[in-house]
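For reference, work-v1.cif (mmCIF, C-alpha atoms):
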data_start
#
loop_
_atom_site.label_atom_id
_atom_site.label_comp_id
_atom_site.auth_asym_id
_atom_site.auth_seq_id
_atom_site.Cartn_x
_atom_site.Cartn_y
_atom_site.Cartn_z
CA MET U 163 -52.98 184.96 49.25
CA PRO U 164 -52.47 188.14 47.23
CA ILE U 165 -55.10 190.03 49.20
CA LEU U 166 -53.33 189.43 52.51
CA ARG U 167 -49.99 190.38 50.99
CA THR U 168 -51.60 193.53 49.59
CA LEU U 169 -53.05 194.32 52.99
CA LEU U 170 -49.63 193.85 54.57
CA ALA U 171 -47.89 195.99 51.93
CA SER U 172 -50.50 198.76 52.23
CA THR U 173 -50.30 198.75 56.02
CA LEU U 174 -46.51 199.03 55.92
CA LEU U 175 -46.69 201.83 53.35
CA LEU U 176 -49.28 203.62 55.46
CA ALA U 177 -47.13 203.38 58.60
CA LEU U 178 -43.99 204.51 56.76
CA GLY U 179 -45.77 207.30 54.89
CA GLY U 180 -47.48 208.45 58.09
CA ALA U 181 -44.10 208.64 59.81
CA VAL U 182 -42.61 210.64 56.94
CA LEU U 183 -45.54 213.05 56.93
CA THR U 184 -45.30 213.44 60.72
CA VAL U 185 -41.64 214.40 60.48
CA ALA U 186 -42.21 216.60 57.41
CA THR U 187 -44.88 218.65 59.21
CA ASP U 188 -43.22 218.77 62.66
CA GLY U 189 -45.94 216.54 64.09
CA PHE U 190 -48.72 218.07 61.96
CA GLN U 191 -47.99 221.53 63.37
CA ALA U 192 -46.25 223.23 60.43
CA PHE U 193 -47.66 222.92 56.91
CA THR U 194 -46.07 226.12 55.60
CA SER U 195 -42.44 227.19 55.64
CA GLU U 196 -43.38 230.30 57.63
CA THR U 197 -44.78 228.26 60.54
CA ALA U 198 -41.84 225.90 60.22
CA ARG U 199 -39.27 228.69 60.52
CA ARG U 200 -40.99 230.05 63.64
CA LEU U 201 -41.06 226.60 65.26
CA ALA U 202 -37.45 225.94 64.30
CA VAL U 203 -36.00 229.09 65.92
CA ARG U 204 -37.89 228.43 69.13
CA ARG U 205 -36.67 224.88 69.30
CA ASP U 206 -33.08 225.55 68.30
CA PRO U 207 -32.20 229.28 68.15
CA PRO U 208 -29.63 229.86 65.38
CA PRO U 209 -26.69 232.22 66.06
CA VAL U 210 -26.89 235.39 63.99
CA PRO U 211 -23.83 235.69 61.71
CA ALA U 212 -21.32 238.51 62.28
CA VAL U 213 -22.24 240.43 59.15
CA LEU U 214 -20.86 243.89 58.46
CA LEU U 215 -23.53 246.58 57.94
CA GLU U 216 -23.50 250.21 56.90
CA THR U 217 -25.94 252.39 58.84
CA GLN U 218 -28.05 255.40 57.89
CA SER U 219 -25.22 257.69 59.06
CA GLY U 220 -22.65 255.86 56.93
CA ALA U 221 -21.05 254.22 59.98
CA ARG U 222 -19.92 250.59 59.92
CA LEU U 223 -21.60 248.20 62.31
CA ASP U 224 -20.70 244.56 62.84
CA LEU U 225 -23.79 242.61 63.95
CA ALA U 226 -21.59 240.90 66.56
CA GLU U 227 -21.17 244.30 68.28
CA LEU U 228 -24.83 244.17 69.27
CA ARG U 229 -24.25 241.18 71.59
CA GLY U 230 -25.24 241.93 75.14
CA ARG U 231 -28.42 243.71 74.07
CA TRP U 232 -31.79 242.52 72.86
CA VAL U 233 -32.36 243.37 69.19
CA LEU U 234 -35.62 243.55 67.25
CA VAL U 235 -34.82 243.00 63.57
CA ASP U 236 -37.01 243.61 60.55
CA PHE U 237 -36.16 243.35 56.85
CA ILE U 238 -37.17 246.16 54.52
CA TYR U 239 -36.42 247.97 51.29
CA THR U 240 -36.96 251.70 51.22
CA ARG U 241 -38.90 251.86 47.92
CA CYS U 242 -41.49 249.54 49.42
CA LEU U 243 -45.10 250.69 49.40
CA THR U 244 -46.70 247.81 51.25
CA TRP U 245 -45.42 245.71 54.15
CA CYS U 246 -42.28 247.69 54.96
CA LEU U 247 -44.44 250.78 55.35
CA ALA U 248 -46.35 248.95 58.05
CA LEU U 249 -43.09 247.69 59.56
CA GLY U 250 -41.60 251.20 59.55
CA GLY U 251 -44.64 252.64 61.29
CA GLU U 252 -44.51 249.81 63.77
CA PHE U 253 -40.86 250.46 64.68
CA ALA U 254 -41.69 254.14 65.14
CA GLN U 255 -44.46 253.15 67.57
CA LEU U 256 -42.13 250.75 69.37
CA GLN U 257 -39.70 253.64 69.84
CA ASP U 258 -42.38 255.29 71.96
CA GLN U 259 -43.62 252.22 73.76
CA LEU U 260 -40.18 250.86 74.61
CA ALA U 261 -38.51 254.24 75.12
CA ALA U 262 -36.84 253.35 78.44
CA PRO U 263 -34.97 250.17 77.39
CA LEU U 264 -34.05 251.82 74.07
CA ALA U 265 -32.64 254.85 75.90
CA ASP U 266 -30.43 252.87 78.26
CA GLY U 267 -29.23 250.50 75.55
CA ARG U 268 -30.80 247.26 76.74
CA LEU U 269 -32.70 247.08 73.45
CA VAL U 270 -32.02 248.11 69.84
CA LEU U 271 -34.33 248.29 66.84
CA LEU U 272 -32.59 247.27 63.63
CA SER U 273 -34.06 247.53 60.12
CA ILE U 274 -31.96 245.72 57.52
CA SER U 275 -32.40 246.51 53.83
CA PHE U 276 -32.37 243.59 51.38
CA ASP U 277 -31.99 246.03 48.48
CA PRO U 278 -28.48 247.36 49.27
CA ALA U 279 -27.81 248.47 45.69
CA HIS U 280 -30.54 251.11 45.92
CA ASP U 281 -30.63 251.77 49.66
CA THR U 282 -27.70 254.10 50.25
CA PRO U 283 -27.22 255.65 53.72
CA ALA U 284 -29.14 258.73 52.50
CA GLU U 285 -32.11 256.55 51.45
CA LEU U 286 -31.95 254.68 54.75
CA ALA U 287 -31.98 257.94 56.73
CA ALA U 288 -34.90 259.24 54.64
CA TYR U 289 -36.79 255.99 55.30
CA ARG U 290 -36.51 256.46 59.06
CA GLN U 291 -37.37 260.14 58.71
CA ARG U 292 -40.55 259.24 56.83
CA PHE U 293 -41.93 257.57 59.96
CA ARG U 294 -40.67 260.36 62.23
CA GLY U 295 -38.28 257.80 63.64
CA ARG U 296 -35.71 259.28 65.98
CA ASP U 297 -32.09 258.48 66.58
CA GLY U 298 -32.98 256.83 69.88
CA GLY U 299 -32.10 253.19 69.37
CA TRP U 300 -33.39 252.65 65.81
CA ILE U 301 -30.68 251.71 63.35
CA VAL U 302 -31.48 251.38 59.65
CA ALA U 303 -28.70 249.61 57.77
CA ARG U 304 -27.69 247.73 54.65
CA PRO U 305 -25.31 244.76 54.37
CA THR U 306 -21.98 245.75 52.80
CA SER U 307 -21.65 242.57 50.74
CA GLU U 308 -23.90 240.28 48.70
CA ASP U 309 -22.56 237.37 50.71
CA GLY U 310 -23.47 239.06 53.98
CA LEU U 311 -27.01 239.66 52.71
CA ARG U 312 -27.35 236.01 51.66
CA GLN U 313 -26.13 234.82 55.07
CA LEU U 314 -28.62 237.07 56.85
CA LEU U 315 -31.61 236.04 54.72
CA ARG U 316 -30.70 232.40 55.17
CA THR U 317 -30.25 232.56 58.96
CA PHE U 318 -33.41 234.59 59.46
CA GLY U 319 -35.36 232.45 56.97
CA VAL U 320 -36.47 235.45 54.92
CA THR U 321 -37.47 234.80 51.30
CA VAL U 322 -37.57 237.80 48.97
CA VAL U 323 -39.59 237.46 45.75
CA PRO U 324 -39.74 240.09 42.96
CA ASP U 325 -43.37 241.22 42.64
CA ARG U 326 -43.26 241.80 38.83
CA MET U 327 -43.87 245.51 39.40
CA GLY U 328 -40.29 246.41 40.19
CA GLY U 329 -40.68 245.80 43.90
CA TYR U 330 -40.43 242.84 46.23
CA VAL U 331 -42.62 240.70 48.43
CA HIS U 332 -41.17 239.01 51.50
CA ASN U 333 -42.31 237.19 54.61
CA ALA U 334 -42.40 240.26 56.83
CA ALA U 335 -42.12 239.73 60.58
CA ILE U 336 -40.30 241.03 63.65
CA GLN U 337 -37.37 238.86 64.61
CA VAL U 338 -36.11 238.86 68.21
CA VAL U 339 -32.36 238.37 68.83
CA ASP U 340 -31.28 237.74 72.43
CA PRO U 341 -28.16 239.17 74.16
CA GLN U 342 -26.22 236.01 73.23
CA GLY U 343 -26.78 236.88 69.58
CA ARG U 344 -29.25 234.08 68.90
CA LEU U 345 -32.48 234.40 66.91
CA VAL U 346 -34.94 233.21 69.56
CA LEU U 347 -38.39 234.34 68.45
CA ILE U 348 -40.30 235.49 65.36
CA LEU U 349 -43.34 237.70 65.95
CA ASP U 350 -46.13 238.74 63.61
CA ALA U 351 -45.85 242.17 62.11
CA GLY U 352 -48.81 244.53 62.53
CA ASN U 353 -49.28 244.37 66.28
CA PRO U 354 -46.76 246.65 68.07
CA GLN U 355 -48.63 246.40 71.40
CA ALA U 356 -48.09 242.66 71.49
CA VAL U 357 -44.42 243.04 70.53
CA ALA U 358 -43.87 245.69 73.24
CA GLN U 359 -45.55 243.48 75.82
CA THR U 360 -43.49 240.44 74.85
CA MET U 361 -40.28 242.46 75.07
CA ARG U 362 -41.16 243.99 78.46
CA GLY U 363 -41.49 240.43 79.71
CA LYS U 364 -38.05 239.52 78.41
CA LEU U 365 -36.02 242.63 79.27
CA PRO U 366 -34.10 242.59 82.56
CA MET K 130 -47.99 194.46 18.37
CA ARG K 131 -49.27 197.84 19.43
CA ILE K 132 -48.66 197.11 23.10
CA ALA K 133 -45.17 195.80 22.35
CA GLY K 134 -44.38 198.96 20.39
CA ARG K 135 -45.63 201.13 23.18
CA GLN K 136 -43.52 199.26 25.68
CA ARG K 137 -40.45 199.87 23.53
CA LEU K 138 -41.10 203.54 23.08
CA ALA K 139 -42.28 204.40 26.60
CA PRO K 140 -38.88 204.41 28.35
CA ALA K 141 -37.32 206.53 25.62
CA PHE K 142 -40.18 209.01 25.81
CA ALA K 143 -39.96 209.04 29.62
CA ALA K 144 -36.21 209.72 29.45
CA VAL K 145 -36.67 212.59 26.99
CA LEU K 146 -39.45 214.14 29.05
CA PHE K 147 -37.43 213.76 32.27
CA ALA K 148 -34.33 215.32 30.68
CA ALA K 149 -36.41 218.20 29.32
CA LEU K 150 -37.88 218.87 32.78
CA LEU K 151 -34.37 218.88 34.27
CA LEU K 152 -33.09 221.55 31.85
CA PRO K 153 -32.30 224.71 33.85
CA PRO K 154 -34.48 227.03 31.70
CA ALA K 155 -37.42 224.61 31.99
CA ARG K 156 -36.93 224.39 35.75
CA ALA K 157 -36.62 228.17 36.12
CA TRP K 158 -39.81 228.72 34.13
CA LEU K 159 -41.90 225.97 35.73
CA GLU K 160 -40.72 226.76 39.27
CA GLY K 161 -41.16 230.50 38.84
CA ARG K 162 -44.88 230.24 39.51
CA MET K 163 -46.77 228.15 42.01
CA SER K 164 -49.41 227.19 39.46
CA LEU K 165 -46.78 225.92 37.00
CA GLN K 166 -44.81 223.93 39.57
CA MET K 167 -47.88 222.37 41.14
CA LEU K 168 -50.10 221.85 38.10
CA VAL K 169 -47.63 221.36 35.23
CA GLN K 170 -44.19 220.29 36.46
CA ILE K 171 -45.30 217.80 39.10
CA PRO K 172 -48.01 216.22 36.88
CA LEU K 173 -45.43 215.84 34.08
CA LEU K 174 -43.04 214.14 36.53
CA ILE K 175 -45.90 211.81 37.45
CA GLY K 176 -46.26 211.13 33.72
CA VAL K 177 -42.56 210.20 33.52
CA GLY K 178 -43.08 207.55 36.21
CA TRP K 179 -46.28 206.30 34.59
CA LEU K 180 -44.46 205.79 31.28
CA LEU K 181 -41.69 203.92 33.07
CA SER K 182 -44.19 201.38 34.36
CA ALA K 183 -44.64 200.12 30.79
CA ALA K 184 -40.91 199.47 30.59
CA LEU K 185 -40.63 197.36 33.72
CA PRO K 186 -39.42 193.78 33.06
CA PRO K 187 -42.53 191.55 33.03
CA ARG K 188 -41.21 189.31 35.83
CA LEU K 189 -40.67 192.25 38.14
CA GLY K 190 -44.10 193.59 37.25
CA GLU K 191 -45.69 190.24 38.11
CA GLY K 192 -43.77 190.10 41.37
CA ILE K 193 -45.04 193.51 42.40
CA ALA K 194 -48.57 192.63 41.28
CA ARG K 195 -48.69 189.85 43.85
CA TRP K 196 -48.45 192.54 46.56
CA ASN K 197 -50.77 194.90 44.76
CA GLN K 198 -54.18 193.28 44.30
CA HIS K 199 -56.68 195.64 42.65
CA GLY K 200 -53.88 198.24 42.66
CA ILE K 201 -54.62 199.05 46.30
CA SER K 202 -50.98 199.31 47.39
CA SER K 203 -50.44 201.63 44.41
CA VAL K 204 -53.21 203.95 45.54
CA VAL K 205 -51.89 204.02 49.12
CA LEU K 206 -48.30 204.79 48.11
CA ALA K 207 -49.20 207.37 45.46
CA SER K 208 -51.66 209.13 47.81
CA LEU K 209 -49.09 209.39 50.62
CA ALA K 210 -46.35 210.66 48.33
CA GLY K 211 -48.88 213.02 46.74
CA MET K 212 -49.84 214.39 50.17
CA PHE K 213 -46.19 215.14 50.90
CA TRP K 214 -45.79 217.14 47.68
CA MET K 215 -49.04 219.00 48.35
CA LEU K 216 -47.60 220.57 51.50
CA PRO K 217 -46.85 224.23 50.83
CA ARG K 218 -43.56 223.90 52.68
CA SER K 219 -42.51 221.06 50.37
CA LEU K 220 -43.05 223.31 47.34
CA ASP K 221 -41.00 226.05 49.02
CA ALA K 222 -38.22 223.67 49.98
CA ALA K 223 -38.10 222.12 46.49
CA ILE K 224 -36.98 225.53 45.24
CA GLY K 225 -34.77 226.63 48.11
CA GLU K 226 -33.03 223.41 49.11
CA PRO K 227 -31.03 221.46 46.50
CA TRP K 228 -31.55 218.13 48.28
CA MET K 229 -35.33 218.65 48.27
CA ALA K 230 -35.16 219.35 44.53
CA VAL K 231 -33.39 216.01 44.08
CA ALA K 232 -36.02 214.36 46.28
CA LYS K 233 -38.80 215.83 44.14
CA PHE K 234 -37.33 214.74 40.80
CA ALA K 235 -36.75 211.23 42.16
CA SER K 236 -39.81 210.62 44.32
CA VAL K 237 -42.59 212.10 42.18
CA PRO K 238 -41.93 209.75 39.23
CA LEU K 239 -40.97 206.72 41.32
CA LEU K 240 -43.44 206.96 44.22
CA ILE K 241 -46.46 208.50 42.46
CA GLY K 242 -46.24 207.95 38.68
CA LEU K 243 -44.74 204.47 38.63
CA PRO K 244 -47.12 202.89 41.18
CA LEU K 245 -50.14 204.50 39.51
CA GLY K 246 -48.99 203.23 36.10
CA LEU K 247 -48.51 199.73 37.51
CA GLY K 248 -51.72 199.73 39.50
CA TRP K 249 -54.22 201.47 37.21
CA PRO K 250 -54.83 198.50 34.86
CA ARG K 251 -55.44 196.32 37.97
CA MET K 252 -57.92 198.69 39.57
CA GLY K 253 -61.54 197.78 39.28
CA PHE K 254 -64.50 200.11 39.17
CA VAL K 255 -64.60 200.62 42.96
CA VAL K 256 -60.91 201.34 43.50
CA ARG K 257 -60.77 203.73 40.55
CA GLY K 258 -63.92 205.42 41.78
CA VAL K 259 -62.58 205.91 45.30
CA PHE K 260 -59.25 207.18 43.96
CA LEU K 261 -60.82 209.61 41.47
CA LEU K 262 -63.37 210.97 43.93
CA GLU K 263 -60.68 211.55 46.53
CA LEU K 264 -58.58 213.27 43.87
CA ILE K 265 -61.50 215.51 42.89
CA ALA K 266 -62.24 216.31 46.53
CA THR K 267 -58.58 217.18 47.10
CA PHE K 268 -58.56 219.56 44.13
CA PHE K 269 -61.70 221.28 45.43
CA ARG K 270 -60.54 221.50 49.04
CA LEU K 271 -57.06 222.79 48.23
CA GLY K 272 -58.28 224.97 45.38
CA TRP K 273 -60.76 226.65 47.67
CA LEU K 274 -58.12 227.08 50.40
CA TYR K 275 -55.62 228.63 47.96
CA LEU K 276 -58.29 230.89 46.52
CA VAL K 277 -59.56 232.36 49.80
CA SER K 278 -56.45 232.31 52.00
CA PRO K 279 -55.48 235.92 52.76
CA VAL K 280 -51.93 234.89 53.68
CA ARG K 281 -49.27 233.49 51.43
CA LEU K 282 -48.88 229.75 52.00
CA CYS K 283 -45.55 229.59 50.15
CA ASN K 284 -42.87 232.14 50.97
CA SER K 285 -41.51 231.75 47.44
CA TYR K 286 -44.70 232.71 45.62
CA LEU K 287 -46.91 235.77 45.35
CA LEU K 288 -50.47 235.91 46.66
CA ASP K 289 -52.08 236.47 43.25
CA ASP K 290 -50.15 233.46 41.91
CA GLN K 291 -51.58 231.43 44.80
CA GLN K 292 -55.10 232.58 43.95
CA ARG K 293 -54.62 231.72 40.25
CA SER K 294 -53.45 228.26 41.37
CA GLY K 295 -56.59 227.90 43.46
CA GLU K 296 -58.82 228.80 40.50
CA ALA K 297 -56.95 226.39 38.25
CA MET K 298 -57.39 223.61 40.81
CA LEU K 299 -61.14 224.20 40.96
CA VAL K 300 -61.28 224.02 37.15
CA ILE K 301 -59.19 220.82 37.03
CA GLY K 302 -61.33 219.25 39.76
CA SER K 303 -64.46 220.15 37.79
CA LEU K 304 -63.03 218.67 34.58
CA ILE K 305 -62.16 215.36 36.27
CA LEU K 306 -65.63 215.32 37.82
CA ALA K 307 -67.20 215.96 34.40
CA GLY K 308 -65.09 213.13 32.97
CA VAL K 309 -66.26 210.74 35.68
CA MET K 310 -69.90 211.79 35.14
CA ILE K 311 -69.66 211.23 31.39
CA LYS K 312 -68.12 207.83 31.97
CA LEU K 313 -70.86 206.95 34.49
CA LEU K 314 -73.68 208.06 32.22
CA TRP K 315 -72.49 206.86 28.84
CA GLY K 316 -69.43 204.72 29.43
CA ARG K 317 -69.00 200.99 29.41
CA PHE K 318 -67.70 199.12 32.41
CA ASP K 319 -65.88 195.91 33.04
CA SER K 320 -67.55 193.68 35.57
CA THR K 321 -65.28 194.36 38.59
#

As a first step, turn the structure in this file into structure tokens.
Amino acid sequence: MPILRTLLASTLLLALGGAVLTVATDGFQAFTSETARRLAVRRDPPPVPAVLLETQSGARLDLAELRGRWVLVDFIYTRCLTWCLALGGEFAQLQDQLAAPLADGRLVLLSISFDPAHDTPAELAAYRQRFRGRDGGWIVARPTSEDGLRQLLRTFGVTVVPDRMGGYVHNAAIQVVDPQGRLVLILDAGNPQAVAQTMRGKLP
Amino acid sequence: MRIAGRQRLAPAFAAVLFAALLLPPARAWLEGRMSLQMLVQIPLLIGVGWLLSAALPPRLGEGIARWNQHGISSVVLASLAGMFWMLPRSLDAAIGEPWMAVAKFASVPLLIGLPLGLGWPRMGFVVRGVFLLELIATFFRLGWLYLVSPVRLCNSYLLDDQQRSGEAMLVIGSLILAGVMIKLLWGRFDST
């Protein structure tokens, strides 16, 4: 009875393949890696590695020192003419909208450059200046080692692709790190009101 | 004679093609663009598996055929594996995660190419028709999606690359459709 055997084989393959596809798409919720990374951090928040950074003033900052505060993290490079411009403007707006928690240290804004070879402290300071960003709670920094940068991109799930015009394209978003130093939430860039509202709900 | 010769040569050709695709410069080039990974590298890996089907020992082939009437099991397996490798996150992961790269180089030949190679000669008019029309529809659906999507579906690839891939998929879908039409209008058919 080849037709019955074929029916049996096809049914088994269908069940097995369906199971694999269910797992591979997180139950048909995540078809892209961007959706997948957002689901994954909500389900199982990864600890942010203790990477050493150099800030716009030239000071050293270990990411572990930011424990105990909420941190909004974005990834940028200062030569950027597209997404990071939007992100920079957004952080400047968040400085106004979340002025109180930023002033008393419950919250920090942190922009991390993924182009540390070019983005010296002077460039980082100029980047913040360009958006009229103030000193109040907005740190712009670069990793001090290639390894540190790799660890950060991997933990945060950020992929940087050269854009063939000398710049980069990356999956821009606003990442939320909780006071325990865990990446708990990834928010869309381009909507500072929504980010401010979400953070007001989380801050003590 | 000709079939015997082909059977002898097929595994050697498959091995050479597979080795060439594994070469780091070939991988870097083909995986550097979405269109090349999706529409050149993966189809060539399918070709590797298809060629292997000619090299299968006849007894094994007959054994499988008893579970594969009209090539239906082949179509089911190849479609499911094909769906997996059509997910944008699979394409991303095949570049970023070494174990997914291994999975791609193993599963695309063995779970798509090989079953199609084994099943195609057994498929009648209806099964081939269903398979080809679904393939054409998939190219049109995904091609359209990749062409109009304003967001990047793969974090590893640029938006304009994604749009070029979409255009290429619409062209490939149209070519397969044209091929089917020509066959329908002027071709000759076996009775099944």

Could you list, as a PyMOL selection string, every residue of chain U that has an atom within 12 Å of an atom of chain K, counting only C-alpha atoms?
chain U and resi 163-188+190-199+315-316+319-327+329-334

Do you know which residues are at most 9 Å from Leu168 (chain K) counting only C-alpha atoms, after dropping those on the same chain fewer than 6 positions away, and could you put them as a ChimeraX atom specification?
/K:294,297-298

The distance between CA of Asp224 (chain U) and CA of Ala303 (chain U) is 10.7 Å

Could you write out as a list in words the residues that the PyMOL selection byres ((chain U and resi 275-282) around 7) matches in the shown file?
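Listing what the PyMOL selection byres ((chain U and resi 275-282) around 7) selects in the shown file: Phe237, Ile238, Tyr239, Thr240, Ser273, Ile274, Pro283, Ala284, Glu285, Leu286, Ala303, Arg304, Pro305 and Leu311 of chain U.
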
Run through the PyMOL selection byres ((chain K and resi 142) around 12) on the given coordinates and return the selected residues as a list of chain:residue names.
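Selected by the PyMOL selection byres ((chain K and resi 142) around 12) in this file: K:Arg135, K:Gln136, K:Arg137, K:Leu138, K:Ala139, K:Pro140, K:Ala141, K:Ala143, K:Ala144, K:Val145, K:Leu146, K:Phe147, K:Ala148, K:Ala149, K:Leu173, K:Gly176, K:Val177, K:Gly178, K:Trp179, K:Leu180, K:Leu181, K:Ala183, K:Ala184.
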
Straight-line distance linking CA of Ala254 (chain U) with CA of Leu271 (chain U), stated in Å to one decimal
9.6 Å

Compare U:Arg231, U:Arg204, U:Arg362, U:Arg290 by their minimum atom-to-atom distance to Ser219 (chain U), counting all atoms listed in the file, and give me the closest one.
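Checking each of U:Arg231, U:Arg204, U:Arg362, U:Arg290 against Ser219 (chain U), counting all atoms listed in the file, the winner is U:Arg290.
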
Once the PyMOL selection byres ((chain K and resi 256-258) around 9) is applied to the coordinates I shared, what remains selected? I want it as an MDAnalysis selection string.
chainID K and resid 199:201 204 249 252:255 259:263 309

For the residues in that selection, give me C-alpha atoms as a PDB file, keeping the file's coordinate frame.
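Saved file selection07.pdb follows:
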ATOM      1  CA  HIS K 199     -56.680 195.640  42.650  1.00  0.00           C
ATOM      2  CA  GLY K 200     -53.880 198.240  42.660  1.00  0.00           C
ATOM      3  CA  ILE K 201     -54.620 199.050  46.300  1.00  0.00           C
ATOM      4  CA  VAL K 204     -53.210 203.950  45.540  1.00  0.00           C
ATOM      5  CA  TRP K 249     -54.220 201.470  37.210  1.00  0.00           C
ATOM      6  CA  MET K 252     -57.920 198.690  39.570  1.00  0.00           C
ATOM      7  CA  GLY K 253     -61.540 197.780  39.280  1.00  0.00           C
ATOM      8  CA  PHE K 254     -64.500 200.110  39.170  1.00  0.00           C
ATOM      9  CA  VAL K 255     -64.600 200.620  42.960  1.00  0.00           C
ATOM     10  CA  VAL K 259     -62.580 205.910  45.300  1.00  0.00           C
ATOM     11  CA  PHE K 260     -59.250 207.180  43.960  1.00  0.00           C
ATOM     12  CA  LEU K 261     -60.820 209.610  41.470  1.00  0.00           C
ATOM     13  CA  LEU K 262     -63.370 210.970  43.930  1.00  0.00           C
ATOM     14  CA  GLU K 263     -60.680 211.550  46.530  1.00  0.00           C
ATOM     15  CA  VAL K 309     -66.260 210.740  35.680  1.00  0.00           C
TER      16      VAL K 309
END

Using all atoms listed in the file, determine which residues lie at most 7 Å from region 354-356 of chain U, disregarding the query and same-chain residues fewer than 2 positions distant; provide the list as a tab-separated table (two decimals) with C-alpha atoms, in the frame of the given file.
chain	number	residue	atom	x	y	z
U	252	GLU	CA	-44.51	249.81	63.77
U	255	GLN	CA	-44.46	253.15	67.57
U	256	LEU	CA	-42.13	250.75	69.37
U	352	GLY	CA	-48.81	244.53	62.53
U	358	ALA	CA	-43.87	245.69	73.24
U	359	GLN	CA	-45.55	243.48	75.82
U	360	THR	CA	-43.49	240.44	74.85

Residues within 10 Å of Ala212 (chain U), all atoms listed in the file, excluding chain neighbours under 5 positions, as a list in words:
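Once the adjacent positions are removed, what remains is Leu223, Asp224, Leu225, Ala226, Glu227, Leu228, Gly310, Gln313, Leu314 and Gly343 of chain U.
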
Using all atoms listed in the file, which protein or nucleic acid residues come within 10 Å of Arg270 (chain K)? Drop anything in the same chain fewer than 6 positions from it, and give the result as a VMD selection string.
chain K and resid 264 276 295 298 to 299 302

Minimum-distance residue to Pro209 (chain U), chosen among U:Pro341, U:Pro366, U:Gly250, U:Gly267 (using only C-alpha atoms)
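The answer is U:Pro341, which sits nearest to Pro209 (chain U).
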
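Shortest separation to Leu247 (chain K) among K:Ile224, K:Pro186, K:Ala157, K:Gly316 occurs at residue K:Pro186, atoms counted being all atoms listed in the file.
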
Go ahead and compute the interatomic distance for CA of Leu239 (chain K) and CA of Gly189 (chain U), in Å to one decimal.
25.3 Å
